[in-house]
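Undergrad: Please find one structure pasted underneath; my questions will follow.
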Amino acid sequence: MQEPLVSFEGVAKRFGSYVAVQKMDLQIHKGEFLAIMGSSGCGKTTTLRMLAGLEAPSEGVIRLAGQAINDLPSWSRDTPMVWQSLALFPFLNVIENVEFALKMRGIGRAERRRRAEQWLERMQIAEFADRNIAQLSGGQRQRVALARSLVVEPEILLLDEPLSALDAALKVRMQSVLKNLQRETGITFVYVTHSQSEAFSMADRVVIMSRGKIEQIGTPQEIYRTPRTRFVADFLGSSNIFPGQLTRDAGGRAAIATPSGDFVLAGGGQGATPGQAASLIVLDTKMQIHFQPPPDAVNTIEARMIGEEFIGATATIYFETGAGQEIRVQKSHEELADLPLAVGRSFHLSWSPADGHLVPE
Ligand SMILES: Nc1ncnc2c1ncn2[C@@H]1O[C@H](COP(=O)(O)OP(=O)(O)OP(=O)(O)O)[C@@H](O)[C@H]1O
């Protein structure tokens with residue numbers, strides 16, 4: 001296995017008695033696009049700032065290519081950072097902004113210009129080379145900021161919510177610009193965001209944090225399909241969560257008893273023991289809706305429709321069980337066409353035991 005480009009080994013950060021990042025172990029591989037995601041205040045930016053050398057860890061070691069960098073000042077690290085506010089120099093024009101870091105590294109005038117021009121071309125902003133920063137749109141500024149960071153060809157680029165100030169359409173366009181750039185250059189990107197769609201559309205791996213702690217690391221698909229903790233399932237919002245207690249059904253199969261009913265688990269309950277508290281997680285896309293009770297009564301639940309929401313090609317239908325549990329089901333319009341959907345009407349919802357998984361409480 002290749003040595004990781006970056007490793008956090010037991011890294012913690014405290015501000016006074018407040019723990020912003022708890023003992024963290026994290027490895028970042030060369031050439032990957034890693035997104036760090038989580039709700040406000042969970043420690044994403046602090047993690048990134050420690051990697052950039054803008055904040056010193058209170059504990060633990062951060063390594064870059066095997067070398068401990070805790071004591072290396074930010075300016076001598078190969079870890080430039082792009083943030084939402086961009087921090088472009090207002091007194092320099094576009095090309096001077098891009099040339100700046102090369103100048104700081106003592107690169108000669110002609111070579112500086114040549115490399116800066118190449119990056120302006122690549123970011124499709126060559127026509128604005130002589131403009132003042134104040135005369136650019138948000139998206140154009142974003143491209144200047146990226147060109148300015150990438151012109152030094154760093155090993156790793158740190159991005160802190162770089163798209164959050166852009167409007168929705170531009171955000172989507174810049175996502176593909178960023179993803180393509182990362183792929184073409186092979187530069188490792190570490191991208192902090194609270195947006196699930198940004199993280200999941202661009203990243204190779206996603207880190208989900210809560211209260212200074214890593215809850216899960218995985219590919220977008222792994223995290224979406226198999227959230228490992230109740231927090232992750234809640235945070236992603238696309239799972240139905242049934243809190244309950246592990247038990248066995250009449251046939252001795254592993255099951256979970258919940259206020260909305262008892263449900264069978266595939267795979268012997270994934271090693272859990274009866275009596276243990278746990279939650280059953282079922283993705284909203286894995287639930288079936290029936291008007292008549294389905295013949296196979298396993299994992300079926302009666303619920304009243306309480307609302308619907310249409311987003312593009314799919315619809316999310318909301319239900320409530322007799323025990324007051326809300327259930328969401330996502331389907332395409334074709335799949336819903338034959339159902340007499342109406343708010344207030346009762347339906348039968350079902351899922352295959354293989355489509356449910358457990359998380360500890
Ligand atoms: N310099 C500081 N002094 C004291 N507390 C700080 C400092 N910097 C950050 N914190 C606290 O540490 C916690 C984590 O902050 P951080 O900026 O890493 O969160 P975040 O996940 O990036 O949040 P957001 O999405 O809101 O930017 C927060 O509670 C914050 O108030």
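Chain labels follow the order of the structure tokens: the first chain is A, the next B, and so on; residue numbering restarts at 1 in every chain, and ligands are counted from 1 in their shown order.
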Show me which residues line ligand 1, defined as having an atom within 10 Å of a ligand atom where only C-alpha atoms and all ligand atoms count, and present them as a ChimeraX atom specification.
TA: /A:13-21,36-50,55,160-161,192-195,209-212
Undergrad: Give the helix (DSSP H, G or I) residues of stretch 183-246 of chain A, as assigned by DSSP on the backbone, as a ChimeraX atom specification.
TA: /A:183-185,196-202,220-225,230-236
Undergrad: Quick one: residues within 12 Å of stretch 284-287 of chain A, only C-alpha atoms counted, chain neighbours fewer than 3 positions away excluded, as a ChimeraX atom specification?
TA: /A:224-225,233,236-241,281,290,299-301,314-319,326-332,335,348-357
Undergrad: Quick check, in Å to one decimal: how far apart do atom CA of A:Ile256 and atom CA of A:Thr273 lie?
TA: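 Distance reported for this atom pair: 10.6 Å.
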Undergrad: If we count only C-alpha atoms, what is near A:Thr321 at a cut-off of 12 Å, once residues fewer than 6 positions away on the same chain are taken out, given as number ranges by chain?
TA: A: 242, 258-261, 300-306, 327-328, 344-349
Undergrad: So that I have them on file, write out the residues from the current selection with C-alpha atoms, as a JSON list (two decimals), in the first residue's frame.
TA:
[["chain", "number", "residue", "atom", "x", "y", "z"],
["A", 242, "PHE", "CA", -36.43, 2.99, 13.14],
["A", 258, "THR", "CA", -39.71, -0.91, 17.09],
["A", 259, "PRO", "CA", -42.76, 1.18, 18.07],
["A", 260, "SER", "CA", -43.93, 0.88, 14.43],
["A", 261, "GLY", "CA", -43.61, -2.94, 14.34],
["A", 300, "THR", "CA", -44.61, -4.46, 5.89],
["A", 301, "ILE", "CA", -46.05, -1.51, 7.69],
["A", 302, "GLU", "CA", -49.28, 0.38, 7.33],
["A", 303, "ALA", "CA", -48.94, 4.15, 7.07],
["A", 304, "ARG", "CA", -51.00, 7.17, 6.13],
["A", 305, "MET", "CA", -49.79, 9.50, 3.39],
["A", 306, "ILE", "CA", -49.10, 12.97, 4.76],
["A", 327, "ILE", "CA", -41.38, 7.52, 6.61],
["A", 328, "ARG", "CA", -40.16, 8.91, 3.32],
["A", 344, "GLY", "CA", -54.80, 11.09, 4.25],
["A", 345, "ARG", "CA", -55.10, 7.70, 2.48],
["A", 346, "SER", "CA", -53.56, 4.54, 3.97],
["A", 347, "PHE", "CA", -50.96, 2.45, 2.16],
["A", 348, "HIS", "CA", -48.72, -0.52, 2.90],
["A", 349, "LEU", "CA", -44.99, 0.09, 2.80]]
Undergrad: Would you mind reading off the distance between atom CA of A:Arg230 and atom CA of A:Leu26, one decimal, in Å?
TA: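 Interatomic distance, atom CA of A:Arg230 to atom CA of A:Leu26: 21.0 Å.
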Undergrad: Could you pull out the residues in stretch 212-301 of chain A that DSSP calls strand (DSSP E) from the backbone, as a count of residues only?
TA: 37
Undergrad: Could you tell me how far atom CA of A:Val98 lies from atom CA of A:Ser74, in Å and to one decimal?
TA: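 One can read the atom CA of A:Val98 to atom CA of A:Ser74 distance as 19.0 Å.
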Undergrad: For stretch 163-176 of chain A, work out the shell of residues within 12 Å, counting only C-alpha atoms and skipping chain neighbours fewer than 2 positions away, then give it as a PyMOL selection string.
TA: chain A and resi 82-86+123+137-143+145-146+159-161+178-184+191-195+197-203
Undergrad: Within 6 Å of A:Ile187, counting only C-alpha atoms, which residues show up once you throw out same-chain ones fewer than 6 positions away? Write them as an mmCIF file with N, CA and C atoms, in the first residue's frame, please.
TA:
data_model
loop_
_atom_site.group_PDB
_atom_site.id
_atom_site.type_symbol
_atom_site.label_atom_id
_atom_site.label_comp_id
_atom_site.auth_asym_id
_atom_site.auth_seq_id
_atom_site.Cartn_x
_atom_site.Cartn_y
_atom_site.Cartn_z
ATOM 1 N N GLY A 31 -3.363 12.389 -4.966
ATOM 2 C CA GLY A 31 -4.207 12.450 -6.158
ATOM 3 C C GLY A 31 -5.688 12.283 -5.883
ATOM 4 N N GLU A 155 1.367 20.279 -4.355
ATOM 5 C CA GLU A 155 1.055 18.865 -4.235
ATOM 6 C C GLU A 155 -0.387 18.690 -3.763
ATOM 7 N N ILE A 156 -0.854 19.690 -3.011
ATOM 8 C CA ILE A 156 -2.172 19.569 -2.397
ATOM 9 C C ILE A 156 -2.823 20.949 -2.367
#
Undergrad: What lies within 10 Å of A:Ala116 using only C-alpha atoms, ignoring chain neighbours under 6 positions off, as a list in words?
TA: Val94, Ile95, Glu96, Asn97, Val98, Glu99, Phe100, Leu102, Ala110, Arg122, Ala126, Ala129, Ala147, Arg148, Leu150, Val151 and Val152 of chain A
Undergrad: Pick from A:Gln276, A:Ala342, A:Glu32, A:Lys103: nearest to A:Gly307, with only C-alpha atoms counted?
TA: A:Ala342
